[in-house]
Amino acid sequence: MATGIVEEFLALKAETDADLLTMQCGDFYEFFAEDAETVGEELDLKVSQKSSHGSSYPMAGVPIDDLTPYVRALVDRGYRVAVADQYETDDGHAREITRIVTPGTFLETTDAEAQYLATIVRGDGPSTDGRTGGRGDGKAADAGDGRGDRDDPDGPFGLAFVDVTTGRFRVTTAADAAELRAELYRHDPAEIVPGPAVREDDALLEGIREAVETTLSLHTSEAFAPGRARRTVRDQFGEGALEGVGLESDLPIRAAGAALAYVADTGAGVLASITRLRTDGDADRVALDATTQRNLELTETIRGTSDGSLFETVDHTVTSAGGRLLREWITRPHRDAAELRRRHDAVEALAGAALARDELRDVLEGAYDLERLAARATSGSAGPRQLLSVRDTLAVLPRLAEAVDGTPLADSPFATVLETLDREAASELRSELADALADDPPSSAGQGVIARGYDAEVDELIERHEAANEWLDGLADREKRRHDLSHVTVDRNKTDGYYIQVGKSAADGVPDAYREIKTLKNSKRFVTEELREREREILRIEEAREEREAELFGELRERVAARSGLLQSVGRTLAEIDVLCSLAEHAAANDWTRPTIAEPGTLDIEAGRHPVVERTTDFVPNDLRLDEDRGFLIVTGPNMSGKSTYMRQAALITLLAQIGSFVPARSARIGLVDGIYTRVGALDELAQGRSTFMVEMQELSNILHSATEESLVILDEVGRGTATYDGISIAWAATEYLHNRVRARTLFATHYHELTTLADHLPRVENVHVAVDDGGTDADADAGDVTFLWTVREGPTDRSYGVHVADIAGVPDPVVDRAGEVLDRLREEKAIEARGGEGGASGGSGGGTTQAVFDLSAGSFADEPDAGSGAPDTDASSDADRPVASDGRGDHDRTADRGSDHALDPDIEAVIAELTDVDVTETPPLELATRVQEWQQRVDDEK
C-alpha cells in the first residue's frame with residue numbers, strides 16, 4: 001500500500017507498460033523520478049525535487065488544463081503515456097490509470113491527416129482465402145509463366161487499420177512483404193502493433209521501419225488468437241458482420257480483433273464510434289506498391305516534402321476531412337467503372353457551374369470535422385465547444401442545398417451526392433444542440449454551458465444567481481452612502497472570498513460590523529456577516545448550477561454519441577463534396593478534360609501534360625497511344641529531354657482518371673488498369689546490404705511477378721547499374737518477358753539503343769523518341785549545338801547526347817572535349833589513346849600515352865603491338881561494335897573465336913561455355929540477373 005504521493009506514483013507505474021506516467025495531484029499532473037527527468041529533457045520543463053520518506057525524487061508538473069499539449073508533444077516523439085486521474089474517497093483522494101495515450105490512440109490531434117493505428121499478423125503459409133503470391137485480387141500467377149514459384153518466405157499478412165479520431169476501421173491482406181510495405185506506406189500509421197510472429201522477425205521489422213516512420217508497440221499475444229479475435233470483432237460489429245463483408249480469412253480477422261482489443265485496453269473510449277467494418281480488397285482498387293507511390297510522388301516528393309507532389313497540386317479542399325479523403329482517393333484509385341463515371345459526372349457538373357461551386361466552397365469553410373467530433377463525443381472527451389462545432393456544422397446542410405437550388409447543379413449528377421444526406425435527422429440534432437447550448441460556452445462542462453429556456457431548474461438557479469450578483473454589484477455604493485466612506489470596492493478572489501476594500505485614508509472610519517481580514521499597501525479588506533451569508537448563498541447556487549449543467553451536458557453528449565453514425569455519414573458526404581469541388585476547381589483553372597473510360601488495354605492521350613510540371617514551366621504536350629496491337633513502347637532520346645516526364649505523365653493521367661478526376665490533356669481514352677508499377681532510378685541501401693543494382697533488380701522482380709495484362713508498367717532504365725552487356729541482356733530479356741508473358745501496357749525508356757531492334761521482331765513493340773535539333777549534322781552534336789524539342793515522335797533514335805548534357809551540367813571543358821574525342825573514335829571503331837601522366841613521353845615513369853583499341857564486346861581495352869608509337873592507327877578497327885545477336889547470347893562466344901592472341905583462362909572458358917548454353921528468351925529475368933552476377937564474380941576472381 002503506497003504511503004506517499006511518490007510511492008503511489010511508482011506503484012501505478014509498475015502496473016503499466018507505458019513509457020511514461022503522469023498522475024493528477026490536485027490542480028496539476030505530476031511526473032516523478034525517471035519520468036520527470038525524461039519529460040524535463042524532452043519538453044524543457046523545470047525539474048524540481050520532491051522529498052518522500054527520507055529520499056529525494058525528481059518532479060515535474062503541468063497545470064491540469066494544460067496536459068493535452070504536453071501529452072501531444074510526448075506522443076509525437078513516440079512515447080506511450082499513461083494518465084492517472086484523481087478521484088474522491090471516504091479517506092480523501094485516490095488515483096488510478098484511466099487511459100494510456102499512444103501515437104495511434106491520441107484523440108486530441110491537431111493534424112488534419114488521418115491518424116492510423118495498424119496491427120499486423122503473419123500467416124505460416126498460404127492464407128485461408130486461397131491467395132499465394134503476386135497480386136492480392138485473386139489473380140494467381142499462371143503456373144506456366146514462371147511466376148507461380150516465387151519464393152515468399154514472409155508468407156501472407158493480415159492487417160487492420162483504425163483511425164480512432166474518426167472511427168474508420170478497415171482490414172485487408174497482403175500476399176507478401178512488398179504488398180505489406182505498400183499498404184503501410186499508403187496509410188502511414190502513427191503506431192503499429194505487430195503480432196507474435198511479426199515481432200520476432202527482425203528483418204521484417206527493419207523493412208517496416210524503412211517503409212514508414214512509426215512507433216512499434218507490443219500487445220498481448222492472446223489478443224491475436226483466432227477465436228478470441230473473431231469474438232471481439234463480432235461483439236463490436238454484430239454477429240453477421242464478418243459474413244456481411246465476405247471476410248473469411250483468419251489473418252485479417254486476427255488483426256482486426258487485436259486492433260479493437262488494443263484500443264479498448266488503452267482506455268481511449270472510442271469503440272462506440274467504430275461502427276463500420278470495411279474490407280480493402282484489391283478487386284475494386286488499383287495496386288500501387290510503395291516504390292510506385294514514391295516514384296510518382298503522389299503525396300510527397302522524393303525530397304520528403306508535400307510541395308510538388310500530386311496531392312499538393314490538386315488539393316484545393318477547404319476542410320480537413322476533405323483533404324484526408326482526397327489523399328485516400330489518390331493513394332487508392334478505383335477500378336469500378338460505374339463509380340468513376342459517377343465522380344466524373346459530378347466533377348463535370350461542378351466545373352461548369354463556377355458561381356455555384358464557389359458558393360459551395362464558401363459554405364464548406366464553415367464546416368468542422370464531424371467524424372473526429374463524433375469520436376470525441378463517444379469517448380466522452382468532447383467539451384461544450386466541440387458540441388457547438390457539431391451544431392454549427394449541421395447548420396451548413398440547408399445552406400448547401402440553397403447554394404444548389406436554382407442553379408445548373410440542381411438537375412445535375414452532383415445533386416445525387418447531396419441526396420445522400422439525412423437532412424431531417426441532422427436538422428433534429430442541430431435543433432436540439434441549438435436549444436441546449438449557450439452561444440459562447442466555456443471550454444469545459446459546468447456553469448455557463450446550458451442556454452436559458454432549456455431546463456427550468458437551471459433557469460431558476462440562473463435567476464437566483466443574477467439576483468445575488470445584483471445585490472453584490474450595488475453593495476459598494478450602498479456602503480459609501482450609509483457610512484460616508486470613500487474609495488470603497490467589492491471584489492472576490494480564491495483566498496479571501498468576497499470582501500469590501502476601503503482605502504487606507506478612510507479605513508479608520510469603517511463601522512464596527514466591518515471585520516478586517518487583510519492589510520495592503522494602500523487599502524484594507526473587510527468582511528461583514530451579511531456579506532459572508534450572501535457569499536455562502538452564491539456558492540450554494542453556483543455549486544447547484546455547476547452540477548445541474550454538467551449533468552445536462554453529459555446527457556446531451558451521450559445523445560450526440562448515440563448518433564455518431566449520423567455524424568460520420570454526414571462528415572463523409574461533406575468531405576466528398578469538398579473533394580469533388582476541389583477536382584472541379586483545378587480542372588476549370590488548368591484546362592483539364594474529362595477522360596473517357598475505354599476498353600481494357602487502351603491508353604490514348606492527345607496532347608497530354610504532366611499535372612505537376614505544367615505548373616512551373618511552359619510545357620510541351622505530347623500524344624501517347626497504347627492498345628492491343630501497340631502495347632509496348634521503347635522510348636529513346638537524350639538525357640534531360642523529357643523521357644521520364646513523358647512516362648510519368650502517362651501513369652499520372654491514368655491514375656487521375658481512376659480517382660474520378662479530369663486529366664491534363666486535350667482528350668484521353670483510358671482503359672482501366674488493375675495496377676501501376678514503376679521502376680525509376682535507384683538509391684543504394686548499403687545499411688541493409690543492398691547496392692543500387694540490387695535495389696533495381698528487386699524492383700524489376702516485383703514488377704515481373706506482380707503485373708498483369710491489365711497493368712500499366714513504367715520502366716525508366718533497366719540494367720544500368722552493371723556492366724554494359726550484362727545490363728543489355730537483362731533489359732532485353734525483361735522486354736521479351738513483359739511483351740510475351742505479362743502483356744502489360746509498358747513504356748520502357750532506355751539508352752540501350754540495341755533494344756530498339758526488338759520492334760522489328762516483337763509484334764506489339766513500337767519505338768518512340770524524344771526529338772532534338774542538332775543542326776542537321778552528327779559531327780559535333782554530342783559536344784556542340786543541341787536543342788531539346790521536348791516532342792515525342794515515332795521511331796527510334798541512336799544518340800543519347802550525354803556529352804552535351806555533361807557540358808550543360810558544367811563539367812570542365814577539358815573533360816567534355818576529351819569525351820567528344822573518345823566518343824568519335826569509339827563510333828568509328830578506331831584506336832583510342834589512353835593518356836597517362838605528365839610530359840607526354842612514352843615509356844618513362846611519368847606514363848605518357850598508350851594506344852589501345854576499346855573492345856566493346858569484351859568491355860575492356862586491348863593493347864596494340866605498336867602502342868608506344870604515340871600515333872594511333874586511323875585504320876585500326878575492332879569487331880567489337882557488332883550488334884547484339886538476336887538470340888540474346890551476346891559476343892562472348894565470338895570473343896572465344898579470336899585465336900591464340902586472346903588465349904583465355906580455363907575458368908573463364910567455362911563461364912563462356914555456360915553462357916553459351918543459356919537461352920535468354922526462356923530464362924526468367926531474376927534468374928538471369930543472379931547468374932550474370934555469379935559469372936561476373938568468377939571472371940573478376942581470375943583477373
# chains A, B, ... in the order shown; residues from 1 in each chain; ligands from 1
>>> closest_atom_pairs(of="stretch 256-371 of chain A", to="stretch 405-413 of chain A", cutoff="8 Å", atoms="only C-alpha atoms", output="JSON lines")
{"residue": "A:Arg342", "atom": "CA", "partner": "A:Pro413", "partner_atom": "CA", "distance": 7.4}
{"residue": "A:Asp345", "atom": "CA", "partner": "A:Pro413", "partner_atom": "CA", "distance": 5.9}
{"residue": "A:Ala346", "atom": "CA", "partner": "A:Pro413", "partner_atom": "CA", "distance": 5.4}
{"residue": "A:Ala349", "atom": "CA", "partner": "A:Ser412", "partner_atom": "CA", "distance": 6.2}
{"residue": "A:Leu350", "atom": "CA", "partner": "A:Leu409", "partner_atom": "CA", "distance": 7.1}
{"residue": "A:Ala353", "atom": "CA", "partner": "A:Pro408", "partner_atom": "CA", "distance": 6.8}
{"residue": "A:Ala356", "atom": "CA", "partner": "A:Thr407", "partner_atom": "CA", "distance": 6.8}
>>> residues_around(residues="stretch 487-501 of chain A", least_positions_apart="4", cutoff="8 Å", atoms="only C-alpha atoms", output="list in words")
Leu472, Asp473, Leu475, Ala476, Asp477, Glu479, Lys480, Ala506, Ile517, Ser523, Lys524, Arg525, Phe526, Val527, Leu531, Arg532 and Glu535 of chain A
>>> select_by_dssp(residues="stretch 539-766 of chain A", states="alpha helix (DSSP H)", output="number ranges by chain")
A: 539-562, 564-590, 643-657, 692-706, 724-737
>>> residues_around(residues="stretch 387-401 of chain A", least_positions_apart="2", cutoff="6 Å", atoms="only C-alpha atoms", output="VMD selection string")
chain A and resid 367 to 368 384 to 385 403 to 404 430 433
>>> residues_around(residues="A:Phe32", least_positions_apart="5", cutoff="7 Å", atoms="only C-alpha atoms", output="number ranges by chain")
A: 6, 57-60
>>> write_last_selection(atoms="all heavy atoms", output="mmCIF file, in the first residue's frame")
data_model
loop_
_atom_site.group_PDB
_atom_site.id
_atom_site.type_symbol
_atom_site.label_atom_id
_atom_site.label_comp_id
_atom_site.auth_asym_id
_atom_site.auth_seq_id
_atom_site.Cartn_x
_atom_site.Cartn_y
_atom_site.Cartn_z
ATOM 1 N N VAL A 6 4.775 9.973 -4.023
ATOM 2 C CA VAL A 6 5.767 9.374 -4.894
ATOM 3 C C VAL A 6 5.629 7.856 -4.908
ATOM 4 O O VAL A 6 5.699 7.209 -5.961
ATOM 5 C CB VAL A 6 7.187 9.779 -4.465
ATOM 6 C CG1 VAL A 6 8.230 9.089 -5.349
ATOM 7 C CG2 VAL A 6 7.362 11.291 -4.538
ATOM 8 N N TYR A 57 13.253 12.801 -4.942
ATOM 9 C CA TYR A 57 12.923 12.337 -6.293
ATOM 10 C C TYR A 57 12.734 13.537 -7.214
ATOM 11 O O TYR A 57 12.138 14.541 -6.813
ATOM 12 C CB TYR A 57 11.622 11.526 -6.276
ATOM 13 C CG TYR A 57 11.680 10.277 -5.443
ATOM 14 C CD1 TYR A 57 11.328 10.308 -4.094
ATOM 15 C CD2 TYR A 57 12.064 9.058 -6.004
ATOM 16 C CE1 TYR A 57 11.361 9.162 -3.323
ATOM 17 C CE2 TYR A 57 12.100 7.897 -5.236
ATOM 18 C CZ TYR A 57 11.744 7.960 -3.899
ATOM 19 O OH TYR A 57 11.777 6.819 -3.139
ATOM 20 N N PRO A 58 13.205 13.430 -8.475
ATOM 21 C CA PRO A 58 12.905 14.481 -9.450
ATOM 22 C C PRO A 58 11.394 14.597 -9.654
ATOM 23 O O PRO A 58 10.675 13.590 -9.654
ATOM 24 C CB PRO A 58 13.597 13.997 -10.725
ATOM 25 C CG PRO A 58 14.656 13.054 -10.249
ATOM 26 C CD PRO A 58 14.095 12.390 -9.031
ATOM 27 N N MET A 59 10.917 15.831 -9.867
ATOM 28 C CA MET A 59 9.488 16.067 -10.049
ATOM 29 C C MET A 59 9.298 17.162 -11.091
ATOM 30 O O MET A 59 10.007 18.159 -11.108
ATOM 31 C CB MET A 59 8.839 16.491 -8.726
ATOM 32 C CG MET A 59 7.360 16.841 -8.847
ATOM 33 S SD MET A 59 6.620 17.329 -7.257
ATOM 34 C CE MET A 59 7.329 18.965 -7.081
ATOM 35 N N ALA A 60 8.350 16.952 -11.999
ATOM 36 C CA ALA A 60 7.976 17.958 -12.987
ATOM 37 C C ALA A 60 6.478 17.880 -13.185
ATOM 38 O O ALA A 60 5.895 16.785 -13.136
ATOM 39 C CB ALA A 60 8.698 17.731 -14.313
#
>>> residues_around(residues="stretch 443-457 of chain A", least_positions_apart="4", cutoff="9 Å", atoms="only C-alpha atoms", output="number ranges by chain")
A: 382-386, 434-439, 461-462, 542-543, 545-554
>>> write_last_selection(atoms="N, CA, C and O atoms", output="compact mmCIF listing (two decimals), in the first residue's frame")
# COMPACT_ATOMS: atom_id res chain seq x y z
N ALA A 382 -15.43 15.06 -25.58
CA ALA A 382 -15.92 16.27 -26.26
C ALA A 382 -16.43 17.27 -25.23
O ALA A 382 -17.23 16.93 -24.36
N GLY A 383 -15.97 18.49 -25.33
CA GLY A 383 -16.42 19.54 -24.44
C GLY A 383 -17.53 20.35 -25.08
O GLY A 383 -17.95 20.08 -26.21
N PRO A 384 -18.02 21.37 -24.38
CA PRO A 384 -19.11 22.19 -24.92
C PRO A 384 -18.79 22.81 -26.27
O PRO A 384 -19.65 22.88 -27.15
N ARG A 385 -17.56 23.24 -26.46
CA ARG A 385 -17.22 23.88 -27.73
C ARG A 385 -17.18 22.88 -28.87
O ARG A 385 -17.44 23.24 -30.02
N GLN A 386 -16.85 21.61 -28.58
CA GLN A 386 -16.89 20.60 -29.62
C GLN A 386 -18.34 20.33 -30.06
O GLN A 386 -18.63 20.19 -31.24
N ALA A 434 -28.84 23.44 -30.58
CA ALA A 434 -29.06 24.89 -30.56
C ALA A 434 -29.89 25.30 -29.34
O ALA A 434 -29.64 26.35 -28.73
N ASP A 435 -30.87 24.47 -28.99
CA ASP A 435 -31.70 24.77 -27.82
C ASP A 435 -30.93 24.60 -26.51
O ASP A 435 -31.17 25.34 -25.55
N ALA A 436 -30.03 23.63 -26.48
CA ALA A 436 -29.39 23.27 -25.22
C ALA A 436 -28.15 24.11 -24.90
O ALA A 436 -27.91 24.43 -23.74
N LEU A 437 -27.36 24.45 -25.89
CA LEU A 437 -26.06 25.06 -25.64
C LEU A 437 -26.13 26.58 -25.67
O LEU A 437 -26.80 27.18 -26.51
N ALA A 438 -25.40 27.19 -24.74
CA ALA A 438 -25.23 28.64 -24.75
C ALA A 438 -24.42 29.03 -25.98
O ALA A 438 -23.64 28.23 -26.51
N ASP A 439 -24.55 30.25 -26.43
CA ASP A 439 -23.87 30.69 -27.64
C ASP A 439 -22.36 30.76 -27.48
O ASP A 439 -21.62 30.55 -28.45
N LEU A 461 -32.01 28.65 -11.07
CA LEU A 461 -30.71 28.90 -10.46
C LEU A 461 -30.04 30.12 -11.07
O LEU A 461 -29.38 30.89 -10.38
N ILE A 462 -30.20 30.30 -12.38
CA ILE A 462 -29.62 31.48 -13.03
C ILE A 462 -30.25 32.75 -12.49
O ILE A 462 -29.56 33.75 -12.20
N GLU A 542 -24.03 28.45 -7.16
CA GLU A 542 -23.06 28.09 -8.19
C GLU A 542 -22.78 26.60 -8.20
O GLU A 542 -22.65 25.99 -9.26
N GLU A 543 -22.68 26.01 -7.01
CA GLU A 543 -22.43 24.57 -6.94
C GLU A 543 -23.59 23.79 -7.53
O GLU A 543 -23.41 22.85 -8.30
N ARG A 545 -25.79 24.91 -9.67
CA ARG A 545 -25.84 25.19 -11.11
C ARG A 545 -24.76 24.40 -11.85
O ARG A 545 -25.01 23.85 -12.93
N GLU A 546 -23.58 24.35 -11.26
CA GLU A 546 -22.47 23.60 -11.87
C GLU A 546 -22.85 22.14 -12.04
O GLU A 546 -22.66 21.55 -13.11
N GLU A 547 -23.41 21.55 -10.99
CA GLU A 547 -23.77 20.14 -11.05
C GLU A 547 -24.89 19.89 -12.06
O GLU A 547 -24.83 18.93 -12.83
N ARG A 548 -25.91 20.77 -12.02
CA ARG A 548 -27.04 20.55 -12.92
C ARG A 548 -26.64 20.74 -14.38
O ARG A 548 -27.01 19.93 -15.24
N GLU A 549 -25.86 21.76 -14.67
CA GLU A 549 -25.45 21.98 -16.05
C GLU A 549 -24.50 20.89 -16.53
O GLU A 549 -24.57 20.46 -17.69
N ALA A 550 -23.62 20.41 -15.65
CA ALA A 550 -22.72 19.31 -16.04
C ALA A 550 -23.53 18.05 -16.31
O ALA A 550 -23.24 17.29 -17.25
N GLU A 551 -24.54 17.82 -15.49
CA GLU A 551 -25.40 16.65 -15.69
C GLU A 551 -26.13 16.73 -17.03
O GLU A 551 -26.18 15.77 -17.79
N LEU A 552 -26.71 17.89 -17.30
CA LEU A 552 -27.43 18.07 -18.56
C LEU A 552 -26.49 17.96 -19.76
O LEU A 552 -26.84 17.36 -20.79
N PHE A 553 -25.29 18.51 -19.62
CA PHE A 553 -24.34 18.43 -20.72
C PHE A 553 -23.91 16.99 -20.97
O PHE A 553 -23.79 16.54 -22.12
N GLY A 554 -23.68 16.24 -19.89
CA GLY A 554 -23.31 14.84 -20.04
C GLY A 554 -24.39 14.05 -20.77
O GLY A 554 -24.10 13.22 -21.64
>>> residues_around(residues="A:Ser800", least_positions_apart="3", cutoff="7 Å", atoms="only C-alpha atoms", output="MDAnalysis selection string")
chainID A and resid 637:639 751
>>> closest_residue(among="A:Leu712, A:Ala374, A:Ala415, A:Ala351", to="A:Ser661", atoms="only C-alpha atoms")
A:Ala351
>>> closest_atom_pairs(of="stretch 61-88 of chain A", to="stretch 8-22 of chain A", cutoff="7 Å", atoms="only C-alpha atoms", output="Markdown table")
| residue | atom | partner | partner_atom | distance |
| --- | --- | --- | --- | --- |
| A:Tyr79 | CA | A:Asp19 | CA | 5.9 |
| A:Arg80 | CA | A:Ala18 | CA | 5.2 |
| A:Val81 | CA | A:Leu20 | CA | 4.8 |
| A:Ala82 | CA | A:Leu21 | CA | 4.6 |
| A:Val83 | CA | A:Thr22 | CA | 5.2 |
| A:Ala84 | CA | A:Thr22 | CA | 6.2 |
>>> write_last_selection(atoms="N, CA, C and O atoms", output="PDB file, in the first residue's frame")
ATOM      1  N   TYR A  79       6.340   8.436 -27.555  1.00  0.00           N
ATOM      2  CA  TYR A  79       6.128   7.886 -26.209  1.00  0.00           C
ATOM      3  C   TYR A  79       4.675   7.434 -26.028  1.00  0.00           C
ATOM      4  O   TYR A  79       3.742   8.020 -26.585  1.00  0.00           O
ATOM      5  N   ARG A  80       4.509   6.403 -25.230  1.00  0.00           N
ATOM      6  CA  ARG A  80       3.185   5.979 -24.779  1.00  0.00           C
ATOM      7  C   ARG A  80       3.030   6.483 -23.342  1.00  0.00           C
ATOM      8  O   ARG A  80       3.839   6.153 -22.469  1.00  0.00           O
ATOM      9  N   VAL A  81       2.000   7.286 -23.097  1.00  0.00           N
ATOM     10  CA  VAL A  81       1.863   7.999 -21.819  1.00  0.00           C
ATOM     11  C   VAL A  81       0.615   7.509 -21.083  1.00  0.00           C
ATOM     12  O   VAL A  81      -0.504   7.629 -21.598  1.00  0.00           O
ATOM     13  N   ALA A  82       0.818   6.961 -19.897  1.00  0.00           N
ATOM     14  CA  ALA A  82      -0.310   6.567 -19.046  1.00  0.00           C
ATOM     15  C   ALA A  82      -0.749   7.775 -18.224  1.00  0.00           C
ATOM     16  O   ALA A  82       0.087   8.546 -17.730  1.00  0.00           O
ATOM     17  N   VAL A  83      -2.062   7.946 -18.072  1.00  0.00           N
ATOM     18  CA  VAL A  83      -2.624   9.068 -17.318  1.00  0.00           C
ATOM     19  C   VAL A  83      -3.412   8.513 -16.147  1.00  0.00           C
ATOM     20  O   VAL A  83      -4.350   7.723 -16.328  1.00  0.00           O
ATOM     21  N   ALA A  84      -3.012   8.922 -14.941  1.00  0.00           N
ATOM     22  CA  ALA A  84      -3.712   8.500 -13.725  1.00  0.00           C
ATOM     23  C   ALA A  84      -4.518   9.683 -13.197  1.00  0.00           C
ATOM     24  O   ALA A  84      -3.946  10.737 -12.878  1.00  0.00           O
TER      25      ALA A  84
END
>>> closest_residue(among="A:Thr602, A:Thr165, A:Thr750, A:Thr220", to="A:Ser379", atoms="only C-alpha atoms")
A:Thr165
>>> decode(residues="stretch 535-547 of chain A", atoms="N, CA, C and O atoms", output="mmCIF file, in the first residue's frame")
data_model
loop_
_atom_site.group_PDB
_atom_site.id
_atom_site.type_symbol
_atom_site.label_atom_id
_atom_site.label_comp_id
_atom_site.auth_asym_id
_atom_site.auth_seq_id
_atom_site.Cartn_x
_atom_site.Cartn_y
_atom_site.Cartn_z
ATOM 1 N N GLU A 535 -22.289 35.373 0.404
ATOM 2 C CA GLU A 535 -21.275 34.568 -0.277
ATOM 3 C C GLU A 535 -21.633 33.092 -0.211
ATOM 4 O O GLU A 535 -21.538 32.369 -1.214
ATOM 5 N N ARG A 536 -22.062 32.630 1.004
ATOM 6 C CA ARG A 536 -22.440 31.225 1.133
ATOM 7 C C ARG A 536 -23.625 30.886 0.230
ATOM 8 O O ARG A 536 -23.685 29.819 -0.382
ATOM 9 N N GLU A 537 -24.556 31.832 0.107
ATOM 10 C CA GLU A 537 -25.708 31.611 -0.766
ATOM 11 C C GLU A 537 -25.275 31.506 -2.228
ATOM 12 O O GLU A 537 -25.732 30.614 -2.961
ATOM 13 N N ILE A 538 -24.388 32.416 -2.641
ATOM 14 C CA ILE A 538 -23.920 32.387 -4.027
ATOM 15 C C ILE A 538 -23.162 31.095 -4.318
ATOM 16 O O ILE A 538 -23.336 30.471 -5.375
ATOM 17 N N LEU A 539 -22.330 30.666 -3.375
ATOM 18 C CA LEU A 539 -21.574 29.424 -3.572
ATOM 19 C C LEU A 539 -22.506 28.224 -3.696
ATOM 20 O O LEU A 539 -22.270 27.318 -4.506
ATOM 21 N N ARG A 540 -23.570 28.208 -2.875
ATOM 22 C CA ARG A 540 -24.544 27.106 -2.972
ATOM 23 C C ARG A 540 -25.235 27.119 -4.335
ATOM 24 O O ARG A 540 -25.425 26.079 -4.957
ATOM 25 N N ILE A 541 -25.584 28.322 -4.808
ATOM 26 C CA ILE A 541 -26.247 28.428 -6.117
ATOM 27 C C ILE A 541 -25.283 27.979 -7.222
ATOM 28 O O ILE A 541 -25.663 27.217 -8.120
ATOM 29 N N GLU A 542 -24.034 28.448 -7.155
ATOM 30 C CA GLU A 542 -23.063 28.094 -8.193
ATOM 31 C C GLU A 542 -22.780 26.598 -8.200
ATOM 32 O O GLU A 542 -22.651 25.990 -9.261
ATOM 33 N N GLU A 543 -22.677 26.013 -7.014
ATOM 34 C CA GLU A 543 -22.429 24.575 -6.942
ATOM 35 C C GLU A 543 -23.594 23.792 -7.529
ATOM 36 O O GLU A 543 -23.406 22.850 -8.303
ATOM 37 N N ALA A 544 -24.828 24.216 -7.169
ATOM 38 C CA ALA A 544 -26.005 23.534 -7.709
ATOM 39 C C ALA A 544 -26.099 23.722 -9.214
ATOM 40 O O ALA A 544 -26.431 22.789 -9.965
ATOM 41 N N ARG A 545 -25.786 24.913 -9.673
ATOM 42 C CA ARG A 545 -25.840 25.187 -11.114
ATOM 43 C C ARG A 545 -24.760 24.403 -11.853
ATOM 44 O O ARG A 545 -25.011 23.848 -12.926
ATOM 45 N N GLU A 546 -23.577 24.351 -11.258
ATOM 46 C CA GLU A 546 -22.474 23.603 -11.865
ATOM 47 C C GLU A 546 -22.852 22.138 -12.039
ATOM 48 O O GLU A 546 -22.661 21.546 -13.107
ATOM 49 N N GLU A 547 -23.406 21.551 -10.994
ATOM 50 C CA GLU A 547 -23.769 20.135 -11.046
ATOM 51 C C GLU A 547 -24.887 19.890 -12.058
ATOM 52 O O GLU A 547 -24.834 18.931 -12.828
#
